[in-house]
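Visitor: One structure, pasted below without further comment.
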2 protein chains.
Amino acid sequence: MNWKNNLRVVLISTRNPLNIGAAARAMANFGFSRLCVVNPYDVAFREARSAVGAAPLLQKAEEFATVAEAVADSRLVIGTTSVGHRELQHPIRRLEYGARLMLKALPENPVALLFGSEKFGLSNEDLSHCHWLMRIPTVGQDLSMNLGQAVALCLYELARDPKAALASPEKIRSASAAELEQITGRLLQVLERSGYVNPVTATSTDEKVRRLVRRLEIPGRDAKVLLGMLRQILWKLEN
Amino acid sequence: MNWKNNLRVVLISTRNPLNIGAAARAMANFGFSRLCVVNPYDVAFREARSAVGAAPLLQKAEEFATVAEAVADSRLVIGTTSVGHRELQHPIRRLEYGARLMLKALPENPVALLFGSEKFGLSNEDLSHCHWLMRIPTVGQDLSMNLGQAVALCLYELARDPKAALASPEKIRSASAAELEQITGRLLQVLERSGYVNPVTATSTDEKVRRLVRRLEIPGRDAKVLLGMLRQILWKLEN
């Protein structure tokens, strides 16, 4: 079974239907499927669910009256918080670390991730259902995060591939020395024809142009294009 | 100078004022300050800028008529894309890796990060100003990301602290063996008084309860609370 199916994203007392929709979209973007809503503002939830193009995920969202019911089958319950605004009795973990702990649990255990309302976040009652809390490392703790963005960030951190950060750059085949010399030669012809080259310093110009062409780091596939351009310019200069 | 001031977030042809606001909010959340808009839908931009509570960041957003002007002072220009929908001529890097490259450049160089319109993303003309492209690793390439979420994810990856992922769990002081033995003793008294303990198997019950109490991993600060609860229950049972 895909470990992503073990995650329940639980939205509590969400007010704005756009935010429920944004959370559902972020879940689809990162391959998560179980959306639970607790005590949503009814009109908002119906509106979001019936929106044209609403994700299938939103249509099969599970609705619960209480947090206890929404998290009943989970073996790990985590609350999200912007902290700073009250004294919390729980361990608070930064998203980078919290997500790692979640990833350890998810393959074997249902895990619930709770998001509070746009205005008040999770209540103390909501928090009392949590094993620990996770915070998104924003600067300045006064400015709360947009709910849809907070959901997206948590899911991204779970779906993120640390190895991808270490990827080595894709190989771009450089132009060969022969191609670079061809370009140099043709560019020099163009410069000569157009009167850029001073006959007295011609040799030094040769070398300057040769070095300049080497500094450009011309990819192999662009060498032919450049040669074509120069050929055409030369043709025009000669006719 | 803070390297974050070297980043220009460039929104091109954004249509929905909520998305401009969401981008500005994400920038504030992660400590970035320079927002540029190119050819915004005028009404939307004026609306977002004048919204009650609009971030100061939004109010001092710079407006440009063309991409070329918006990126003119940048030494690295990066486009964001959901890929899949057209053949791209640029190297495409996953967010995890692309952000690392950006972090190398940012301390010394102005860097522009481009986001296209909600509906069409970046145009081929927009893309031609970019050195390379960055993609958010969503599953399924058909479903585009919400613009505000895409901005938040890119900025989060830049602000993310890889070391935080390796954090060791905060130390929670466990209850001492003496406290655990006190709890065990009082719990046994309660169980005896309430008739749970069968006198014939009392010794075995003693050991079961002792082991159970040790398995609970009781934090030191909770030991006193539990002792208080048990004392009260015992008092009630005896009166």
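Going by the structure tokens order, chains are called A, B, ..., each with residues numbered from 1, while ligands are numbered from 1 in the order shown.
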Any chance you could dump chain B, least-squares fitted to chain A on all C-alpha atoms in order, as a PDB file with C-alpha atoms, in the first residue's frame?
Guide:
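Okay, this is what ended up in result.pdb:
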```pdb
ATOM      1  CA  MET B   1       0.127   0.039  -0.024  1.00  0.00           C
ATOM      2  CA  ASN B   2       1.267   3.549  -0.854  1.00  0.00           C
ATOM      3  CA  TRP B   3       2.316   5.250   2.386  1.00  0.00           C
ATOM      4  CA  LYS B   4       0.642   8.416   1.191  1.00  0.00           C
ATOM      5  CA  ASN B   5      -2.734   6.778   1.697  1.00  0.00           C
ATOM      6  CA  ASN B   6      -1.937   6.576   5.404  1.00  0.00           C
ATOM      7  CA  LEU B   7      -2.054  10.334   5.816  1.00  0.00           C
ATOM      8  CA  ARG B   8      -5.279  12.070   6.800  1.00  0.00           C
ATOM      9  CA  VAL B   9      -5.277  15.806   6.231  1.00  0.00           C
ATOM     10  CA  VAL B  10      -7.777  17.127   8.772  1.00  0.00           C
ATOM     11  CA  LEU B  11      -9.173  20.633   8.299  1.00  0.00           C
ATOM     12  CA  ILE B  12     -10.918  21.910  11.413  1.00  0.00           C
ATOM     13  CA  SER B  13     -13.543  24.650  11.366  1.00  0.00           C
ATOM     14  CA  THR B  14     -12.371  25.976   8.018  1.00  0.00           C
ATOM     15  CA  ARG B  15     -14.335  29.057   7.018  1.00  0.00           C
ATOM     16  CA  ASN B  16     -13.323  29.888   3.454  1.00  0.00           C
ATOM     17  CA  PRO B  17     -14.325  27.417   0.717  1.00  0.00           C
ATOM     18  CA  LEU B  18     -11.368  28.585  -1.396  1.00  0.00           C
ATOM     19  CA  ASN B  19      -9.047  27.300   1.308  1.00  0.00           C
ATOM     20  CA  ILE B  20     -10.692  23.886   1.392  1.00  0.00           C
ATOM     21  CA  GLY B  21     -10.316  23.781  -2.385  1.00  0.00           C
ATOM     22  CA  ALA B  22      -6.679  24.924  -2.198  1.00  0.00           C
ATOM     23  CA  ALA B  23      -5.906  22.230   0.378  1.00  0.00           C
ATOM     24  CA  ALA B  24      -7.516  19.578  -1.831  1.00  0.00           C
ATOM     25  CA  ARG B  25      -5.551  20.800  -4.837  1.00  0.00           C
ATOM     26  CA  ALA B  26      -2.245  20.678  -2.950  1.00  0.00           C
ATOM     27  CA  MET B  27      -3.087  17.128  -1.850  1.00  0.00           C
ATOM     28  CA  ALA B  28      -3.673  16.117  -5.451  1.00  0.00           C
ATOM     29  CA  ASN B  29      -0.452  17.881  -6.506  1.00  0.00           C
ATOM     30  CA  PHE B  30       1.578  15.784  -4.104  1.00  0.00           C
ATOM     31  CA  GLY B  31      -0.334  12.528  -4.366  1.00  0.00           C
ATOM     32  CA  PHE B  32      -2.242  12.437  -1.076  1.00  0.00           C
ATOM     33  CA  SER B  33      -5.841  11.326  -1.061  1.00  0.00           C
ATOM     34  CA  ARG B  34      -7.567  11.364   2.334  1.00  0.00           C
ATOM     35  CA  LEU B  35      -9.130  14.668   3.223  1.00  0.00           C
ATOM     36  CA  CYS B  36     -11.179  14.959   6.432  1.00  0.00           C
ATOM     37  CA  VAL B  37     -13.108  18.013   7.505  1.00  0.00           C
ATOM     38  CA  VAL B  38     -14.313  18.645  11.042  1.00  0.00           C
ATOM     39  CA  ASN B  39     -17.124  21.036  11.672  1.00  0.00           C
ATOM     40  CA  PRO B  40     -16.674  23.021   8.458  1.00  0.00           C
ATOM     41  CA  TYR B  41     -18.675  26.135   7.889  1.00  0.00           C
ATOM     42  CA  ASP B  42     -21.494  24.313   6.100  1.00  0.00           C
ATOM     43  CA  VAL B  43     -22.104  26.693   3.264  1.00  0.00           C
ATOM     44  CA  ALA B  44     -18.400  26.950   2.558  1.00  0.00           C
ATOM     45  CA  PHE B  45     -17.953  23.214   2.480  1.00  0.00           C
ATOM     46  CA  ARG B  46     -20.933  22.584   0.223  1.00  0.00           C
ATOM     47  CA  GLU B  47     -19.726  25.381  -2.031  1.00  0.00           C
ATOM     48  CA  ALA B  48     -16.182  24.009  -2.259  1.00  0.00           C
ATOM     49  CA  ARG B  49     -17.429  20.487  -2.836  1.00  0.00           C
ATOM     50  CA  SER B  50     -19.775  21.450  -5.618  1.00  0.00           C
ATOM     51  CA  ALA B  51     -17.386  23.883  -7.311  1.00  0.00           C
ATOM     52  CA  VAL B  52     -16.920  23.260 -11.013  1.00  0.00           C
ATOM     53  CA  GLY B  53     -13.704  21.273 -11.342  1.00  0.00           C
ATOM     54  CA  ALA B  54     -13.658  20.357  -7.682  1.00  0.00           C
ATOM     55  CA  ALA B  55     -11.102  17.652  -7.182  1.00  0.00           C
ATOM     56  CA  PRO B  56     -12.557  14.127  -6.869  1.00  0.00           C
ATOM     57  CA  LEU B  57     -10.608  14.193  -3.626  1.00  0.00           C
ATOM     58  CA  LEU B  58     -12.824  16.985  -2.355  1.00  0.00           C
ATOM     59  CA  GLN B  59     -15.947  15.166  -3.389  1.00  0.00           C
ATOM     60  CA  LYS B  60     -15.022  12.129  -1.340  1.00  0.00           C
ATOM     61  CA  ALA B  61     -13.815  14.173   1.637  1.00  0.00           C
ATOM     62  CA  GLU B  62     -14.972  12.659   4.930  1.00  0.00           C
ATOM     63  CA  GLU B  63     -16.921  14.884   7.276  1.00  0.00           C
ATOM     64  CA  PHE B  64     -16.782  14.586  11.070  1.00  0.00           C
ATOM     65  CA  ALA B  65     -18.482  16.402  13.909  1.00  0.00           C
ATOM     66  CA  THR B  66     -15.528  16.204  16.294  1.00  0.00           C
ATOM     67  CA  VAL B  67     -11.767  15.973  16.195  1.00  0.00           C
ATOM     68  CA  ALA B  68     -11.915  12.785  18.267  1.00  0.00           C
ATOM     69  CA  GLU B  69     -13.916  11.047  15.527  1.00  0.00           C
ATOM     70  CA  ALA B  70     -11.708  12.361  12.721  1.00  0.00           C
ATOM     71  CA  VAL B  71      -8.528  11.042  14.316  1.00  0.00           C
ATOM     72  CA  ALA B  72      -9.983   7.900  15.888  1.00  0.00           C
ATOM     73  CA  ASP B  73      -8.148   5.430  13.643  1.00  0.00           C
ATOM     74  CA  SER B  74      -4.838   7.325  13.619  1.00  0.00           C
ATOM     75  CA  ARG B  75      -1.859   6.163  15.637  1.00  0.00           C
ATOM     76  CA  LEU B  76      -0.098   9.514  15.435  1.00  0.00           C
ATOM     77  CA  VAL B  77      -1.876  12.864  15.571  1.00  0.00           C
ATOM     78  CA  ILE B  78       0.027  16.042  14.758  1.00  0.00           C
ATOM     79  CA  GLY B  79      -1.171  19.608  15.049  1.00  0.00           C
ATOM     80  CA  THR B  80       0.161  22.483  12.972  1.00  0.00           C
ATOM     81  CA  THR B  81       0.723  25.812  14.604  1.00  0.00           C
ATOM     82  CA  SER B  82       2.184  29.224  13.991  1.00  0.00           C
ATOM     83  CA  VAL B  83       3.140  29.319  17.680  1.00  0.00           C
ATOM     84  CA  GLY B  84       3.996  32.428  19.575  1.00  0.00           C
ATOM     85  CA  HIS B  85       0.448  33.250  20.515  1.00  0.00           C
ATOM     86  CA  ARG B  86      -0.030  31.010  23.498  1.00  0.00           C
ATOM     87  CA  GLU B  87       1.807  28.742  25.804  1.00  0.00           C
ATOM     88  CA  LEU B  88       1.833  25.302  24.325  1.00  0.00           C
ATOM     89  CA  GLN B  89       2.169  22.169  26.384  1.00  0.00           C
ATOM     90  CA  HIS B  90       3.389  20.039  23.497  1.00  0.00           C
ATOM     91  CA  PRO B  91       6.757  19.454  21.932  1.00  0.00           C
ATOM     92  CA  ILE B  92       6.945  21.684  18.859  1.00  0.00           C
ATOM     93  CA  ARG B  93       8.986  20.465  15.946  1.00  0.00           C
ATOM     94  CA  ARG B  94      10.080  22.404  12.905  1.00  0.00           C
ATOM     95  CA  LEU B  95       8.540  21.179   9.669  1.00  0.00           C
ATOM     96  CA  GLU B  96      11.879  19.830   8.352  1.00  0.00           C
ATOM     97  CA  TYR B  97      12.259  17.553  11.367  1.00  0.00           C
ATOM     98  CA  GLY B  98       8.594  16.854  12.064  1.00  0.00           C
ATOM     99  CA  ALA B  99       8.095  15.607   8.515  1.00  0.00           C
ATOM    100  CA  ARG B 100      10.937  13.130   8.993  1.00  0.00           C
ATOM    101  CA  LEU B 101       9.237  11.724  12.080  1.00  0.00           C
ATOM    102  CA  MET B 102       5.987  11.494  10.148  1.00  0.00           C
ATOM    103  CA  LEU B 103       7.746   9.689   7.300  1.00  0.00           C
ATOM    104  CA  LYS B 104       9.005   7.088   9.757  1.00  0.00           C
ATOM    105  CA  ALA B 105       5.502   6.412  11.026  1.00  0.00           C
ATOM    106  CA  LEU B 106       3.542   6.641   7.779  1.00  0.00           C
ATOM    107  CA  PRO B 107       4.500   3.362   6.095  1.00  0.00           C
ATOM    108  CA  GLU B 108       2.979   1.391   8.969  1.00  0.00           C
ATOM    109  CA  ASN B 109       0.542   3.725  10.716  1.00  0.00           C
ATOM    110  CA  PRO B 110      -2.371   5.987   9.971  1.00  0.00           C
ATOM    111  CA  VAL B 111      -1.238   9.532  10.760  1.00  0.00           C
ATOM    112  CA  ALA B 112      -3.478  12.593  11.095  1.00  0.00           C
ATOM    113  CA  LEU B 113      -2.228  16.103  10.357  1.00  0.00           C
ATOM    114  CA  LEU B 114      -4.485  18.810  11.770  1.00  0.00           C
ATOM    115  CA  PHE B 115      -4.991  22.353  10.479  1.00  0.00           C
ATOM    116  CA  GLY B 116      -7.070  24.872  12.411  1.00  0.00           C
ATOM    117  CA  SER B 117      -9.326  27.642  11.202  1.00  0.00           C
ATOM    118  CA  GLU B 118      -7.956  30.579   9.218  1.00  0.00           C
ATOM    119  CA  LYS B 119      -8.546  32.990  12.036  1.00  0.00           C
ATOM    120  CA  PHE B 120      -7.766  31.128  15.222  1.00  0.00           C
ATOM    121  CA  GLY B 121      -5.726  28.089  14.265  1.00  0.00           C
ATOM    122  CA  LEU B 122      -6.208  25.006  16.418  1.00  0.00           C
ATOM    123  CA  SER B 123      -8.014  25.462  19.727  1.00  0.00           C
ATOM    124  CA  ASN B 124      -6.601  24.144  22.973  1.00  0.00           C
ATOM    125  CA  GLU B 125      -9.209  21.401  22.806  1.00  0.00           C
ATOM    126  CA  ASP B 126      -8.053  20.461  19.284  1.00  0.00           C
ATOM    127  CA  LEU B 127      -4.427  20.515  20.430  1.00  0.00           C
ATOM    128  CA  SER B 128      -5.151  18.173  23.323  1.00  0.00           C
ATOM    129  CA  HIS B 129      -5.745  15.398  20.778  1.00  0.00           C
ATOM    130  CA  CYS B 130      -2.229  15.793  19.372  1.00  0.00           C
ATOM    131  CA  HIS B 131       0.902  13.843  20.219  1.00  0.00           C
ATOM    132  CA  TRP B 132       3.049  16.788  19.184  1.00  0.00           C
ATOM    133  CA  LEU B 133       2.971  19.945  17.108  1.00  0.00           C
ATOM    134  CA  MET B 134       4.673  20.996  13.923  1.00  0.00           C
ATOM    135  CA  ARG B 135       5.490  24.522  12.914  1.00  0.00           C
ATOM    136  CA  ILE B 136       6.390  25.969   9.551  1.00  0.00           C
ATOM    137  CA  PRO B 137       9.595  27.981   9.992  1.00  0.00           C
ATOM    138  CA  THR B 138       8.351  31.403   8.972  1.00  0.00           C
ATOM    139  CA  VAL B 139      10.149  34.554  10.033  1.00  0.00           C
ATOM    140  CA  GLY B 140       8.305  36.686  12.530  1.00  0.00           C
ATOM    141  CA  GLN B 141       5.752  34.743  14.417  1.00  0.00           C
ATOM    142  CA  ASP B 142       3.018  37.343  14.217  1.00  0.00           C
ATOM    143  CA  LEU B 143       2.098  36.826  10.607  1.00  0.00           C
ATOM    144  CA  SER B 144       0.048  33.674  10.200  1.00  0.00           C
ATOM    145  CA  MET B 145       0.268  31.617   7.052  1.00  0.00           C
ATOM    146  CA  ASN B 146      -2.403  31.245   4.451  1.00  0.00           C
ATOM    147  CA  LEU B 147      -4.135  27.913   5.127  1.00  0.00           C
ATOM    148  CA  GLY B 148      -3.832  26.560   1.585  1.00  0.00           C
ATOM    149  CA  GLN B 149      -0.138  27.448   1.544  1.00  0.00           C
ATOM    150  CA  ALA B 150       0.440  25.834   4.943  1.00  0.00           C
ATOM    151  CA  VAL B 151      -1.109  22.579   3.712  1.00  0.00           C
ATOM    152  CA  ALA B 152       0.961  22.728   0.513  1.00  0.00           C
ATOM    153  CA  LEU B 153       4.205  23.286   2.442  1.00  0.00           C
ATOM    154  CA  CYS B 154       3.627  20.370   4.826  1.00  0.00           C
ATOM    155  CA  LEU B 155       2.779  18.001   1.982  1.00  0.00           C
ATOM    156  CA  TYR B 156       5.720  19.229  -0.082  1.00  0.00           C
ATOM    157  CA  GLU B 157       8.113  18.558   2.799  1.00  0.00           C
ATOM    158  CA  LEU B 158       6.710  15.018   3.063  1.00  0.00           C
ATOM    159  CA  ALA B 159       6.964  14.432  -0.697  1.00  0.00           C
ATOM    160  CA  ARG B 160      10.316  16.202  -1.052  1.00  0.00           C
ATOM    161  CA  ASP B 161      13.266  14.136  -2.209  1.00  0.00           C
ATOM    162  CA  PRO B 162      16.411  15.059  -0.233  1.00  0.00           C
ATOM    163  CA  LYS B 163      18.536  13.239  -2.803  1.00  0.00           C
ATOM    164  CA  ALA B 164      17.229  15.514  -5.537  1.00  0.00           C
ATOM    165  CA  ALA B 165      18.893  18.444  -3.768  1.00  0.00           C
ATOM    166  CA  LEU B 166      22.244  16.813  -4.398  1.00  0.00           C
ATOM    167  CA  ALA B 167      21.625  16.148  -8.072  1.00  0.00           C
ATOM    168  CA  SER B 168      24.599  16.811 -10.269  1.00  0.00           C
ATOM    169  CA  PRO B 169      23.937  19.241 -13.084  1.00  0.00           C
ATOM    170  CA  GLU B 170      22.686  17.707 -16.290  1.00  0.00           C
ATOM    171  CA  LYS B 171      25.474  17.287 -18.784  1.00  0.00           C
ATOM    172  CA  ILE B 172      25.403  19.811 -21.578  1.00  0.00           C
ATOM    173  CA  ARG B 173      27.717  18.691 -24.366  1.00  0.00           C
ATOM    174  CA  SER B 174      30.111  21.500 -25.095  1.00  0.00           C
ATOM    175  CA  ALA B 175      31.103  22.416 -28.587  1.00  0.00           C
ATOM    176  CA  SER B 176      34.250  20.638 -29.721  1.00  0.00           C
ATOM    177  CA  ALA B 177      37.522  22.504 -30.141  1.00  0.00           C
ATOM    178  CA  ALA B 178      37.124  22.086 -33.899  1.00  0.00           C
ATOM    179  CA  GLU B 179      33.723  23.788 -33.792  1.00  0.00           C
ATOM    180  CA  LEU B 180      35.075  26.593 -31.610  1.00  0.00           C
ATOM    181  CA  GLU B 181      37.937  27.129 -34.056  1.00  0.00           C
ATOM    182  CA  GLN B 182      35.446  27.249 -36.962  1.00  0.00           C
ATOM    183  CA  ILE B 183      33.409  29.863 -35.111  1.00  0.00           C
ATOM    184  CA  THR B 184      36.557  31.821 -34.310  1.00  0.00           C
ATOM    185  CA  GLY B 185      37.678  31.776 -37.936  1.00  0.00           C
ATOM    186  CA  ARG B 186      34.323  32.855 -39.307  1.00  0.00           C
ATOM    187  CA  LEU B 187      33.898  35.575 -36.690  1.00  0.00           C
ATOM    188  CA  LEU B 188      37.334  36.919 -37.587  1.00  0.00           C
ATOM    189  CA  GLN B 189      36.365  37.009 -41.274  1.00  0.00           C
ATOM    190  CA  VAL B 190      33.236  38.971 -40.373  1.00  0.00           C
ATOM    191  CA  LEU B 191      35.199  41.393 -38.216  1.00  0.00           C
ATOM    192  CA  GLU B 192      37.760  41.868 -40.947  1.00  0.00           C
ATOM    193  CA  ARG B 193      35.125  42.514 -43.624  1.00  0.00           C
ATOM    194  CA  SER B 194      33.291  44.958 -41.408  1.00  0.00           C
ATOM    195  CA  GLY B 195      36.485  46.924 -40.680  1.00  0.00           C
ATOM    196  CA  TYR B 196      36.689  45.999 -36.981  1.00  0.00           C
ATOM    197  CA  VAL B 197      40.177  44.541 -37.323  1.00  0.00           C
ATOM    198  CA  ASN B 198      43.099  46.923 -37.506  1.00  0.00           C
ATOM    199  CA  PRO B 199      45.666  45.271 -39.835  1.00  0.00           C
ATOM    200  CA  VAL B 200      48.517  46.430 -37.584  1.00  0.00           C
ATOM    201  CA  THR B 201      47.168  44.557 -34.556  1.00  0.00           C
ATOM    202  CA  ALA B 202      45.558  41.696 -36.493  1.00  0.00           C
ATOM    203  CA  THR B 203      47.526  38.931 -34.734  1.00  0.00           C
ATOM    204  CA  SER B 204      46.622  40.208 -31.301  1.00  0.00           C
ATOM    205  CA  THR B 205      42.975  40.455 -32.398  1.00  0.00           C
ATOM    206  CA  ASP B 206      43.113  36.846 -33.572  1.00  0.00           C
ATOM    207  CA  GLU B 207      44.147  35.761 -30.103  1.00  0.00           C
ATOM    208  CA  LYS B 208      41.653  37.989 -28.297  1.00  0.00           C
ATOM    209  CA  VAL B 209      38.792  36.598 -30.372  1.00  0.00           C
ATOM    210  CA  ARG B 210      39.973  33.023 -29.902  1.00  0.00           C
ATOM    211  CA  ARG B 211      40.031  33.478 -26.108  1.00  0.00           C
ATOM    212  CA  LEU B 212      36.646  35.263 -26.105  1.00  0.00           C
ATOM    213  CA  VAL B 213      35.021  32.418 -28.049  1.00  0.00           C
ATOM    214  CA  ARG B 214      36.403  29.880 -25.534  1.00  0.00           C
ATOM    215  CA  ARG B 215      35.044  31.880 -22.590  1.00  0.00           C
ATOM    216  CA  LEU B 216      31.514  31.726 -23.983  1.00  0.00           C
ATOM    217  CA  GLU B 217      31.026  28.055 -23.076  1.00  0.00           C
ATOM    218  CA  ILE B 218      29.133  27.373 -26.274  1.00  0.00           C
ATOM    219  CA  PRO B 219      26.964  24.226 -26.135  1.00  0.00           C
ATOM    220  CA  GLY B 220      27.522  21.793 -28.994  1.00  0.00           C
ATOM    221  CA  ARG B 221      24.004  22.190 -30.315  1.00  0.00           C
ATOM    222  CA  ASP B 222      24.448  25.969 -30.549  1.00  0.00           C
ATOM    223  CA  ALA B 223      27.729  25.812 -32.487  1.00  0.00           C
ATOM    224  CA  LYS B 224      25.966  25.066 -35.775  1.00  0.00           C
ATOM    225  CA  VAL B 225      23.442  27.863 -35.220  1.00  0.00           C
ATOM    226  CA  LEU B 226      26.216  30.382 -34.610  1.00  0.00           C
ATOM    227  CA  LEU B 227      28.161  29.207 -37.650  1.00  0.00           C
ATOM    228  CA  GLY B 228      25.020  29.654 -39.748  1.00  0.00           C
ATOM    229  CA  MET B 229      24.500  33.179 -38.464  1.00  0.00           C
ATOM    230  CA  LEU B 230      28.098  34.142 -39.148  1.00  0.00           C
ATOM    231  CA  ARG B 231      27.995  32.603 -42.635  1.00  0.00           C
ATOM    232  CA  GLN B 232      24.927  34.667 -43.499  1.00  0.00           C
ATOM    233  CA  ILE B 233      26.432  37.903 -42.121  1.00  0.00           C
ATOM    234  CA  LEU B 234      29.629  37.217 -44.061  1.00  0.00           C
ATOM    235  CA  TRP B 235      27.628  36.605 -47.223  1.00  0.00           C
ATOM    236  CA  LYS B 236      25.813  39.914 -46.790  1.00  0.00           C
ATOM    237  CA  LEU B 237      29.083  41.759 -46.126  1.00  0.00           C
ATOM    238  CA  GLU B 238      30.601  40.323 -49.297  1.00  0.00           C
ATOM    239  CA  ASN B 239      27.667  41.188 -51.565  1.00  0.00           C
TER     240      ASN B 239
END
```
Visitor: Please report, as a list in words, each residue of stretch 32-212 of chain B to which DSSP assigns strand (DSSP E) when run on this structure's backbone.
Guide: Arg34, Leu35, Cys36, Val37, Val38, Glu62, Glu63, Phe64, Leu76, Val77, Ile78, Gly79, Thr80, Thr81, Ile92, Arg93, Arg94, Val111, Ala112, Leu113, Leu114, Phe115, Trp132, Leu133, Met134 and Arg135 of chain B
Visitor: Could you go through stretch 10-200 of chain B and tell me which residues DSSP, when run on the backbone, assigns to alpha helix (DSSP H), listing them as a PyMOL selection string?
Guide: chain B and resi 17-30+42-50+56-59+67-71+95-105+124-127+147-159+177-193
